[in-house]
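Undergrad: What follows is query.txt, made up of compact mmCIF, N, CA and C atoms:
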```txt
# COMPACT_ATOMS: atom_id res chain seq x y z
N MET A 1 -53.81 -38.56 60.20
CA MET A 1 -53.03 -38.42 61.43
C MET A 1 -54.00 -38.46 62.61
N LYS A 2 -53.71 -39.28 63.57
CA LYS A 2 -54.53 -39.38 64.78
C LYS A 2 -53.77 -38.72 65.92
N ASN A 3 -54.37 -37.71 66.53
CA ASN A 3 -53.73 -37.00 67.62
C ASN A 3 -54.40 -37.39 68.93
N GLU A 4 -53.59 -37.71 69.94
CA GLU A 4 -54.10 -38.19 71.20
C GLU A 4 -54.65 -37.08 72.08
N LYS A 5 -54.08 -35.92 72.04
CA LYS A 5 -54.50 -34.83 72.90
C LYS A 5 -55.63 -34.03 72.26
N LYS A 6 -56.53 -33.55 73.12
CA LYS A 6 -57.66 -32.74 72.65
C LYS A 6 -57.28 -31.27 72.58
N ILE A 7 -58.00 -30.58 71.72
CA ILE A 7 -57.89 -29.14 71.60
C ILE A 7 -59.18 -28.54 72.15
N LEU A 8 -59.06 -27.60 73.07
CA LEU A 8 -60.21 -26.86 73.55
C LEU A 8 -60.20 -25.51 72.86
N ILE A 9 -61.30 -25.21 72.18
CA ILE A 9 -61.46 -23.93 71.48
C ILE A 9 -62.35 -23.04 72.33
N ALA A 10 -61.78 -21.97 72.88
CA ALA A 10 -62.53 -21.01 73.69
C ALA A 10 -62.81 -19.79 72.83
N GLU A 11 -64.01 -19.76 72.27
CA GLU A 11 -64.37 -18.73 71.28
C GLU A 11 -65.86 -18.43 71.45
N ASP A 12 -66.22 -17.15 71.65
CA ASP A 12 -67.63 -16.82 71.85
C ASP A 12 -68.38 -16.64 70.54
N ASP A 13 -67.68 -16.54 69.42
CA ASP A 13 -68.34 -16.49 68.12
C ASP A 13 -68.62 -17.94 67.71
N ILE A 14 -69.87 -18.34 67.87
CA ILE A 14 -70.24 -19.75 67.68
C ILE A 14 -69.93 -20.23 66.27
N ALA A 15 -70.22 -19.41 65.26
CA ALA A 15 -69.96 -19.82 63.88
C ALA A 15 -68.45 -20.02 63.65
N ALA A 16 -67.64 -19.09 64.17
CA ALA A 16 -66.18 -19.21 64.01
C ALA A 16 -65.66 -20.45 64.73
N ALA A 17 -66.18 -20.70 65.94
CA ALA A 17 -65.74 -21.87 66.70
C ALA A 17 -66.12 -23.16 65.98
N ASP A 18 -67.33 -23.22 65.45
CA ASP A 18 -67.78 -24.42 64.73
C ASP A 18 -66.94 -24.66 63.47
N THR A 19 -66.65 -23.59 62.74
CA THR A 19 -65.84 -23.70 61.53
C THR A 19 -64.44 -24.20 61.86
N LEU A 20 -63.84 -23.63 62.90
CA LEU A 20 -62.50 -24.04 63.31
C LEU A 20 -62.50 -25.51 63.76
N LYS A 21 -63.50 -25.89 64.53
CA LYS A 21 -63.60 -27.28 64.99
C LYS A 21 -63.71 -28.24 63.81
N GLU A 22 -64.58 -27.93 62.86
CA GLU A 22 -64.75 -28.80 61.68
C GLU A 22 -63.44 -28.93 60.90
N TYR A 23 -62.74 -27.82 60.72
CA TYR A 23 -61.47 -27.82 59.99
C TYR A 23 -60.44 -28.70 60.70
N LEU A 24 -60.32 -28.51 62.00
CA LEU A 24 -59.33 -29.28 62.76
C LEU A 24 -59.69 -30.76 62.84
N GLN A 25 -60.96 -31.06 62.98
CA GLN A 25 -61.37 -32.47 62.99
C GLN A 25 -61.12 -33.12 61.65
N PHE A 26 -61.33 -32.41 60.58
CA PHE A 26 -61.05 -32.92 59.24
C PHE A 26 -59.57 -33.31 59.13
N HIS A 27 -58.72 -32.58 59.86
CA HIS A 27 -57.27 -32.85 59.81
C HIS A 27 -56.81 -33.74 60.96
N GLY A 28 -57.74 -34.44 61.60
CA GLY A 28 -57.37 -35.47 62.56
C GLY A 28 -57.30 -35.07 64.02
N PHE A 29 -57.70 -33.86 64.35
CA PHE A 29 -57.66 -33.42 65.73
C PHE A 29 -59.00 -33.62 66.42
N SER A 30 -58.96 -33.92 67.69
CA SER A 30 -60.14 -34.03 68.52
C SER A 30 -60.34 -32.69 69.22
N CYS A 31 -61.54 -32.11 69.07
CA CYS A 31 -61.77 -30.76 69.58
C CYS A 31 -63.06 -30.66 70.40
N ASP A 32 -63.02 -29.77 71.37
CA ASP A 32 -64.20 -29.35 72.12
C ASP A 32 -64.28 -27.84 72.00
N ILE A 33 -65.50 -27.31 72.17
CA ILE A 33 -65.72 -25.87 72.11
C ILE A 33 -66.30 -25.41 73.44
N GLU A 34 -65.85 -24.25 73.89
CA GLU A 34 -66.48 -23.58 75.02
C GLU A 34 -66.66 -22.12 74.63
N ASN A 35 -67.91 -21.65 74.68
CA ASN A 35 -68.23 -20.28 74.29
C ASN A 35 -68.19 -19.30 75.46
N SER A 36 -68.16 -19.81 76.67
CA SER A 36 -68.20 -18.97 77.86
C SER A 36 -66.84 -18.94 78.56
N GLY A 37 -66.31 -17.74 78.77
CA GLY A 37 -65.03 -17.60 79.44
C GLY A 37 -65.04 -18.19 80.84
N LYS A 38 -66.15 -18.05 81.54
CA LYS A 38 -66.17 -18.55 82.93
C LYS A 38 -66.20 -20.08 83.00
N GLU A 39 -66.54 -20.75 81.91
CA GLU A 39 -66.60 -22.22 81.90
C GLU A 39 -65.31 -22.88 81.40
N VAL A 40 -64.42 -22.08 80.83
CA VAL A 40 -63.18 -22.65 80.25
C VAL A 40 -62.39 -23.48 81.27
N PRO A 41 -62.12 -22.97 82.48
CA PRO A 41 -61.32 -23.78 83.42
C PRO A 41 -61.90 -25.16 83.70
N SER A 42 -63.21 -25.26 83.79
CA SER A 42 -63.83 -26.56 84.09
C SER A 42 -63.81 -27.51 82.89
N ARG A 43 -63.53 -26.99 81.70
CA ARG A 43 -63.48 -27.82 80.50
C ARG A 43 -62.09 -28.36 80.21
N ILE A 44 -61.10 -27.90 80.94
CA ILE A 44 -59.74 -28.41 80.76
C ILE A 44 -59.61 -29.71 81.54
N THR A 45 -59.24 -30.77 80.81
CA THR A 45 -59.13 -32.11 81.39
C THR A 45 -57.70 -32.62 81.19
N PRO A 46 -57.38 -33.76 81.78
CA PRO A 46 -56.04 -34.33 81.54
C PRO A 46 -55.77 -34.63 80.06
N GLU A 47 -56.82 -34.78 79.26
CA GLU A 47 -56.66 -35.05 77.83
C GLU A 47 -56.40 -33.78 77.02
N THR A 48 -56.61 -32.62 77.62
CA THR A 48 -56.43 -31.36 76.91
C THR A 48 -54.94 -31.10 76.71
N GLY A 49 -54.55 -30.94 75.45
CA GLY A 49 -53.15 -30.67 75.13
C GLY A 49 -52.93 -29.26 74.64
N ILE A 50 -53.99 -28.67 74.06
CA ILE A 50 -53.88 -27.33 73.49
C ILE A 50 -55.18 -26.57 73.79
N VAL A 51 -55.04 -25.31 74.15
CA VAL A 51 -56.21 -24.44 74.30
C VAL A 51 -56.04 -23.27 73.35
N ILE A 52 -57.04 -23.06 72.51
CA ILE A 52 -57.07 -21.91 71.61
C ILE A 52 -58.00 -20.90 72.26
N LEU A 53 -57.46 -19.75 72.64
CA LEU A 53 -58.20 -18.74 73.40
C LEU A 53 -58.42 -17.47 72.59
N ASP A 54 -59.69 -17.07 72.47
CA ASP A 54 -60.00 -15.75 71.95
C ASP A 54 -59.74 -14.76 73.09
N ILE A 55 -59.16 -13.62 72.81
CA ILE A 55 -58.90 -12.64 73.87
C ILE A 55 -60.21 -12.08 74.42
N ASN A 56 -61.15 -11.78 73.55
CA ASN A 56 -62.39 -11.13 73.98
C ASN A 56 -63.54 -12.11 74.03
N LEU A 57 -63.68 -12.79 75.17
CA LEU A 57 -64.79 -13.72 75.36
C LEU A 57 -65.99 -12.97 75.92
N ALA A 58 -67.19 -13.48 75.68
CA ALA A 58 -68.42 -12.77 76.02
C ALA A 58 -68.64 -12.59 77.52
N ASP A 59 -68.35 -13.59 78.31
CA ASP A 59 -68.60 -13.47 79.74
C ASP A 59 -67.48 -14.13 80.53
N GLY A 60 -67.32 -13.69 81.75
CA GLY A 60 -66.26 -14.25 82.58
C GLY A 60 -64.94 -13.59 82.27
N PRO A 61 -63.85 -14.28 82.60
CA PRO A 61 -62.52 -13.70 82.39
C PRO A 61 -62.19 -13.55 80.91
N THR A 62 -61.26 -12.65 80.63
CA THR A 62 -60.78 -12.49 79.26
C THR A 62 -59.86 -13.65 78.90
N GLY A 63 -59.57 -13.77 77.63
CA GLY A 63 -58.64 -14.80 77.19
C GLY A 63 -57.26 -14.62 77.81
N LEU A 64 -56.85 -13.38 78.04
CA LEU A 64 -55.54 -13.14 78.66
C LEU A 64 -55.54 -13.56 80.13
N GLN A 65 -56.64 -13.31 80.84
CA GLN A 65 -56.74 -13.77 82.22
C GLN A 65 -56.71 -15.30 82.27
N LEU A 66 -57.44 -15.92 81.36
CA LEU A 66 -57.46 -17.38 81.30
C LEU A 66 -56.08 -17.93 80.96
N LEU A 67 -55.39 -17.27 80.03
CA LEU A 67 -54.04 -17.68 79.66
C LEU A 67 -53.14 -17.71 80.89
N SER A 68 -53.17 -16.66 81.67
CA SER A 68 -52.36 -16.58 82.88
C SER A 68 -52.70 -17.72 83.84
N ASP A 69 -53.98 -17.96 84.05
CA ASP A 69 -54.42 -19.04 84.96
C ASP A 69 -54.01 -20.41 84.45
N ILE A 70 -54.17 -20.63 83.15
CA ILE A 70 -53.82 -21.93 82.56
C ILE A 70 -52.32 -22.19 82.72
N LYS A 71 -51.51 -21.20 82.43
CA LYS A 71 -50.06 -21.38 82.51
C LYS A 71 -49.60 -21.64 83.94
N LYS A 72 -50.32 -21.08 84.93
CA LYS A 72 -49.97 -21.33 86.33
C LYS A 72 -50.37 -22.74 86.77
N SER A 73 -51.55 -23.19 86.35
CA SER A 73 -52.05 -24.48 86.82
C SER A 73 -51.70 -25.65 85.90
N ASN A 74 -51.49 -25.40 84.62
CA ASN A 74 -51.20 -26.45 83.63
C ASN A 74 -50.11 -25.98 82.67
N PRO A 75 -48.88 -25.80 83.15
CA PRO A 75 -47.85 -25.20 82.30
C PRO A 75 -47.51 -25.99 81.04
N ASP A 76 -47.84 -27.27 81.00
CA ASP A 76 -47.53 -28.08 79.82
C ASP A 76 -48.55 -27.95 78.70
N ILE A 77 -49.69 -27.33 78.99
CA ILE A 77 -50.71 -27.15 77.94
C ILE A 77 -50.26 -26.04 77.01
N GLN A 78 -50.29 -26.33 75.71
CA GLN A 78 -49.98 -25.31 74.70
C GLN A 78 -51.16 -24.34 74.65
N THR A 79 -50.85 -23.06 74.55
CA THR A 79 -51.90 -22.04 74.48
C THR A 79 -51.68 -21.17 73.25
N LEU A 80 -52.72 -21.04 72.48
CA LEU A 80 -52.70 -20.20 71.28
C LEU A 80 -53.73 -19.10 71.45
N ILE A 81 -53.34 -17.88 71.22
CA ILE A 81 -54.24 -16.74 71.34
C ILE A 81 -54.72 -16.35 69.95
N VAL A 82 -56.03 -16.08 69.85
CA VAL A 82 -56.60 -15.56 68.61
C VAL A 82 -57.40 -14.31 68.95
N THR A 83 -57.34 -13.33 68.07
CA THR A 83 -58.10 -12.11 68.31
C THR A 83 -58.29 -11.32 67.03
N GLY A 84 -59.39 -10.63 66.98
CA GLY A 84 -59.64 -9.69 65.90
C GLY A 84 -59.03 -8.33 66.22
N ASP A 85 -58.54 -8.20 67.44
CA ASP A 85 -57.98 -6.96 67.94
C ASP A 85 -56.47 -7.14 68.11
N SER A 86 -55.77 -7.28 66.99
CA SER A 86 -54.35 -7.67 67.03
C SER A 86 -53.42 -6.47 67.18
N ILE A 87 -53.73 -5.60 68.13
CA ILE A 87 -52.84 -4.48 68.41
C ILE A 87 -51.56 -5.01 69.06
N PRO A 88 -50.45 -4.31 68.88
CA PRO A 88 -49.18 -4.80 69.43
C PRO A 88 -49.22 -5.11 70.92
N GLU A 89 -49.97 -4.33 71.69
CA GLU A 89 -50.05 -4.57 73.13
C GLU A 89 -50.63 -5.95 73.44
N ASN A 90 -51.63 -6.38 72.70
CA ASN A 90 -52.23 -7.71 72.91
C ASN A 90 -51.23 -8.81 72.60
N ARG A 91 -50.51 -8.65 71.52
CA ARG A 91 -49.51 -9.65 71.12
C ARG A 91 -48.41 -9.74 72.19
N LEU A 92 -47.92 -8.60 72.63
CA LEU A 92 -46.86 -8.56 73.63
C LEU A 92 -47.34 -9.14 74.96
N GLN A 93 -48.52 -8.74 75.41
CA GLN A 93 -49.07 -9.25 76.67
C GLN A 93 -49.26 -10.77 76.59
N SER A 94 -49.75 -11.27 75.47
CA SER A 94 -49.95 -12.71 75.28
C SER A 94 -48.64 -13.47 75.43
N LEU A 95 -47.61 -12.97 74.78
CA LEU A 95 -46.31 -13.64 74.84
C LEU A 95 -45.70 -13.55 76.24
N ARG A 96 -45.88 -12.42 76.90
CA ARG A 96 -45.38 -12.27 78.27
C ARG A 96 -46.06 -13.25 79.23
N LEU A 97 -47.33 -13.52 78.97
CA LEU A 97 -48.09 -14.43 79.84
C LEU A 97 -47.85 -15.90 79.49
N GLY A 98 -47.09 -16.16 78.43
CA GLY A 98 -46.72 -17.53 78.11
C GLY A 98 -47.41 -18.16 76.92
N ALA A 99 -48.13 -17.37 76.12
CA ALA A 99 -48.78 -17.94 74.93
C ALA A 99 -47.73 -18.55 74.02
N ASP A 100 -48.07 -19.68 73.44
CA ASP A 100 -47.15 -20.36 72.53
C ASP A 100 -47.21 -19.81 71.12
N PHE A 101 -48.33 -19.17 70.78
CA PHE A 101 -48.46 -18.57 69.46
C PHE A 101 -49.61 -17.57 69.51
N PHE A 102 -49.58 -16.59 68.62
CA PHE A 102 -50.59 -15.53 68.54
C PHE A 102 -51.08 -15.46 67.11
N PHE A 103 -52.40 -15.54 66.92
CA PHE A 103 -52.99 -15.46 65.59
C PHE A 103 -53.97 -14.30 65.53
N ALA A 104 -53.82 -13.46 64.51
CA ALA A 104 -54.81 -12.42 64.25
C ALA A 104 -55.94 -13.03 63.43
N LYS A 105 -57.15 -12.54 63.66
CA LYS A 105 -58.29 -12.99 62.85
C LYS A 105 -58.34 -12.12 61.61
N PRO A 106 -58.72 -12.66 60.48
CA PRO A 106 -59.08 -14.07 60.29
C PRO A 106 -57.83 -14.96 60.38
N ILE A 107 -58.02 -16.10 61.00
CA ILE A 107 -56.91 -17.01 61.25
C ILE A 107 -56.42 -17.63 59.95
N ASP A 108 -55.13 -17.63 59.77
CA ASP A 108 -54.50 -18.33 58.64
C ASP A 108 -54.53 -19.82 58.99
N LEU A 109 -55.50 -20.54 58.46
CA LEU A 109 -55.71 -21.94 58.85
C LEU A 109 -54.52 -22.84 58.49
N ALA A 110 -53.86 -22.56 57.39
CA ALA A 110 -52.69 -23.37 57.02
C ALA A 110 -51.57 -23.18 58.04
N LEU A 111 -51.36 -21.94 58.49
CA LEU A 111 -50.34 -21.67 59.50
C LEU A 111 -50.72 -22.31 60.83
N LEU A 112 -51.99 -22.22 61.21
CA LEU A 112 -52.46 -22.85 62.44
C LEU A 112 -52.24 -24.36 62.38
N LEU A 113 -52.61 -24.98 61.28
CA LEU A 113 -52.44 -26.42 61.12
C LEU A 113 -50.97 -26.81 61.21
N ALA A 114 -50.11 -26.05 60.56
CA ALA A 114 -48.67 -26.34 60.62
C ALA A 114 -48.16 -26.24 62.06
N HIS A 115 -48.60 -25.23 62.78
CA HIS A 115 -48.19 -25.08 64.18
C HIS A 115 -48.69 -26.24 65.04
N LEU A 116 -49.95 -26.62 64.86
CA LEU A 116 -50.52 -27.72 65.65
C LEU A 116 -49.82 -29.04 65.35
N ASN A 117 -49.56 -29.30 64.08
CA ASN A 117 -48.86 -30.54 63.73
C ASN A 117 -47.46 -30.57 64.34
N LYS A 118 -46.77 -29.45 64.29
CA LYS A 118 -45.44 -29.37 64.89
C LYS A 118 -45.52 -29.57 66.41
N SER A 119 -46.49 -28.95 67.04
CA SER A 119 -46.68 -29.08 68.49
C SER A 119 -46.92 -30.52 68.89
N MET A 120 -47.78 -31.19 68.15
CA MET A 120 -48.12 -32.57 68.49
C MET A 120 -46.93 -33.50 68.28
N LYS A 121 -46.14 -33.27 67.21
CA LYS A 121 -44.94 -34.10 66.99
C LYS A 121 -43.96 -33.91 68.14
N THR A 122 -43.79 -32.67 68.57
CA THR A 122 -42.87 -32.37 69.67
C THR A 122 -43.34 -33.04 70.95
N LYS A 123 -44.63 -32.98 71.23
CA LYS A 123 -45.19 -33.58 72.45
C LYS A 123 -45.05 -35.09 72.45
N MET A 124 -45.20 -35.70 71.27
CA MET A 124 -45.19 -37.17 71.18
C MET A 124 -43.77 -37.73 71.16
N ALA A 125 -42.79 -36.87 70.85
CA ALA A 125 -41.39 -37.35 70.74
C ALA A 125 -40.80 -37.63 72.10
```
Show me, as structure tokens, the structure contained in the file I just sent.
TA:
Amino acid sequence: MKNEKKILIAEDDIAAADTLKEYLQFHGFSCDIENSGKEVPSRITPETGIVILDINLADGPTGLQLLSDIKKSNPDIQTLIVTGDSIPENRLQSLRLGADFFFAKPIDLALLLAHLNKSMKTKMA
């Protein structure tokens, strides 16, 4: 499957970001990684269709702050939140801010892949 839109992975855990990128590329997705929260906005391009945001990024704004900004400036971009801190407040706040999906770490890769494939089919239809 060839997907036209890119996925931006905003994750400060370099090993986790690399693993996720390799998995998604194996399944036909084009991905970029950004490890710095403050650089995420500049990495979003017209080709970006999905942003996967870790809530707790090392520097700059949090994933939730970025989520809010992305939804205001690019409402058509799908946003997926991932976190190792999956307390109910984070899940609720993510959904209130417009996240399209919330994943607790460790990420269920099969569920993520199913969601991404469904998202891309919907976007292309």
Undergrad: So how far away is atom N of Asn90 (chain A) from atom N of Ile44 (chain A), in Å?
TA: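 Going from atom N of Ile44 (chain A) over to atom N of Asn90 (chain A), I get 24.9 Å.
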Undergrad: Could you list, as a PyMOL selection string, every residue within 6.5 Å of Glu11 (chain A), counting all atoms listed in the file and ignoring same-chain residues fewer than 6 positions away?
TA: chain A and resi 17+33-36+52-54+57
Undergrad: Write down as a list in words the residues of chain A whose backbone DSSP state falls under strand (DSSP E).
TA: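 Strand (DSSP E) assignments inside chain A correspond to Lys6, Ile7, Leu8, Ile9, Ala10, Ser30, Cys31, Asp32, Ile33, Glu34, Thr48, Gly49, Ile50, Val51, Ile52, Leu53, Asp54, Gln78, Thr79, Leu80, Ile81, Val82, Thr83, Phe101, Phe102, Phe103 and Ala104 of chain A.
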Undergrad: Which residue is closest to Leu113 (chain A)? Choose from A:Thr45, A:Ala10, A:Lys72, A:Phe26 and count only C-alpha atoms.
TA: A:Phe26
Undergrad: Pick from A:Lys6, A:His115, A:Lys121, A:His27: nearest to Val51 (chain A), with all atoms listed in the file counted?
TA: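 Closest residue, counting all atoms listed in the file: A:Lys6.
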Undergrad: Determine the nearest neighbour of Ala104 (chain A) from the options A:Ile50, A:Ile70, A:Ile81, A:Leu8, counting only N, CA and C atoms.
TA: A:Ile81
Undergrad: Each side padded by 3 Å, which centre and which edge lengths in Å (one decimal) define the axis-aligned box around the listed atoms of region 9-24 of chain A? Give them as JSON.
TA:
```
{"center_x": -64.8, "center_y": -23.6, "center_z": 66.8, "size_x": 16.9, "size_y": 20.3, "size_z": 19.7}
```
Undergrad: Report as a VMD selection string: the residues of chain A with a DSSP assignment of helix (DSSP H, G or I), based on the backbone of this structure.
TA: chain A and resid 14 to 26 37 to 43 63 to 73 88 to 96 109 to 124
Undergrad: Between A:Asn117, A:Ser73, A:Gln25, A:Thr79, which has the minimum distance to Ser94 (chain A) (counting only C-alpha atoms)?
TA: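 Closest to Ser94 (chain A) of all the choices is A:Thr79.
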Undergrad: From the list A:Phe29, A:Leu97, A:Thr48, A:Gly37, which residue is nearest Lys71 (chain A) when using all atoms listed in the file?
TA: A:Leu97
Undergrad: A:Ile9, A:Ala15, A:Asp76, A:Arg43: which is nearest Cys31 (chain A), counting only C-alpha atoms?
TA: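 Closest to Cys31 (chain A) of all the choices is A:Ile9.
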Undergrad: If you measure from atom C of Lys21 (chain A) to atom C of Pro106 (chain A), what distance in Å do you get, rounded to one decimal?
TA: 14.9 Å
Undergrad: Just to confirm, what's the straight-line distance from CA of Thr83 (chain A) to CA of Glu47 (chain A) in Å (one decimal)?
TA: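 Rounded to one decimal, the two atoms are 24.9 Å apart.
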Undergrad: Which protein, DNA or RNA residues have an atom at most 6.5 Å from (-64.3, -16.2, 79.7), counting all atoms listed in the file? List them as an MDAnalysis selection string.
TA: chainID A and resid 36:40 57:63
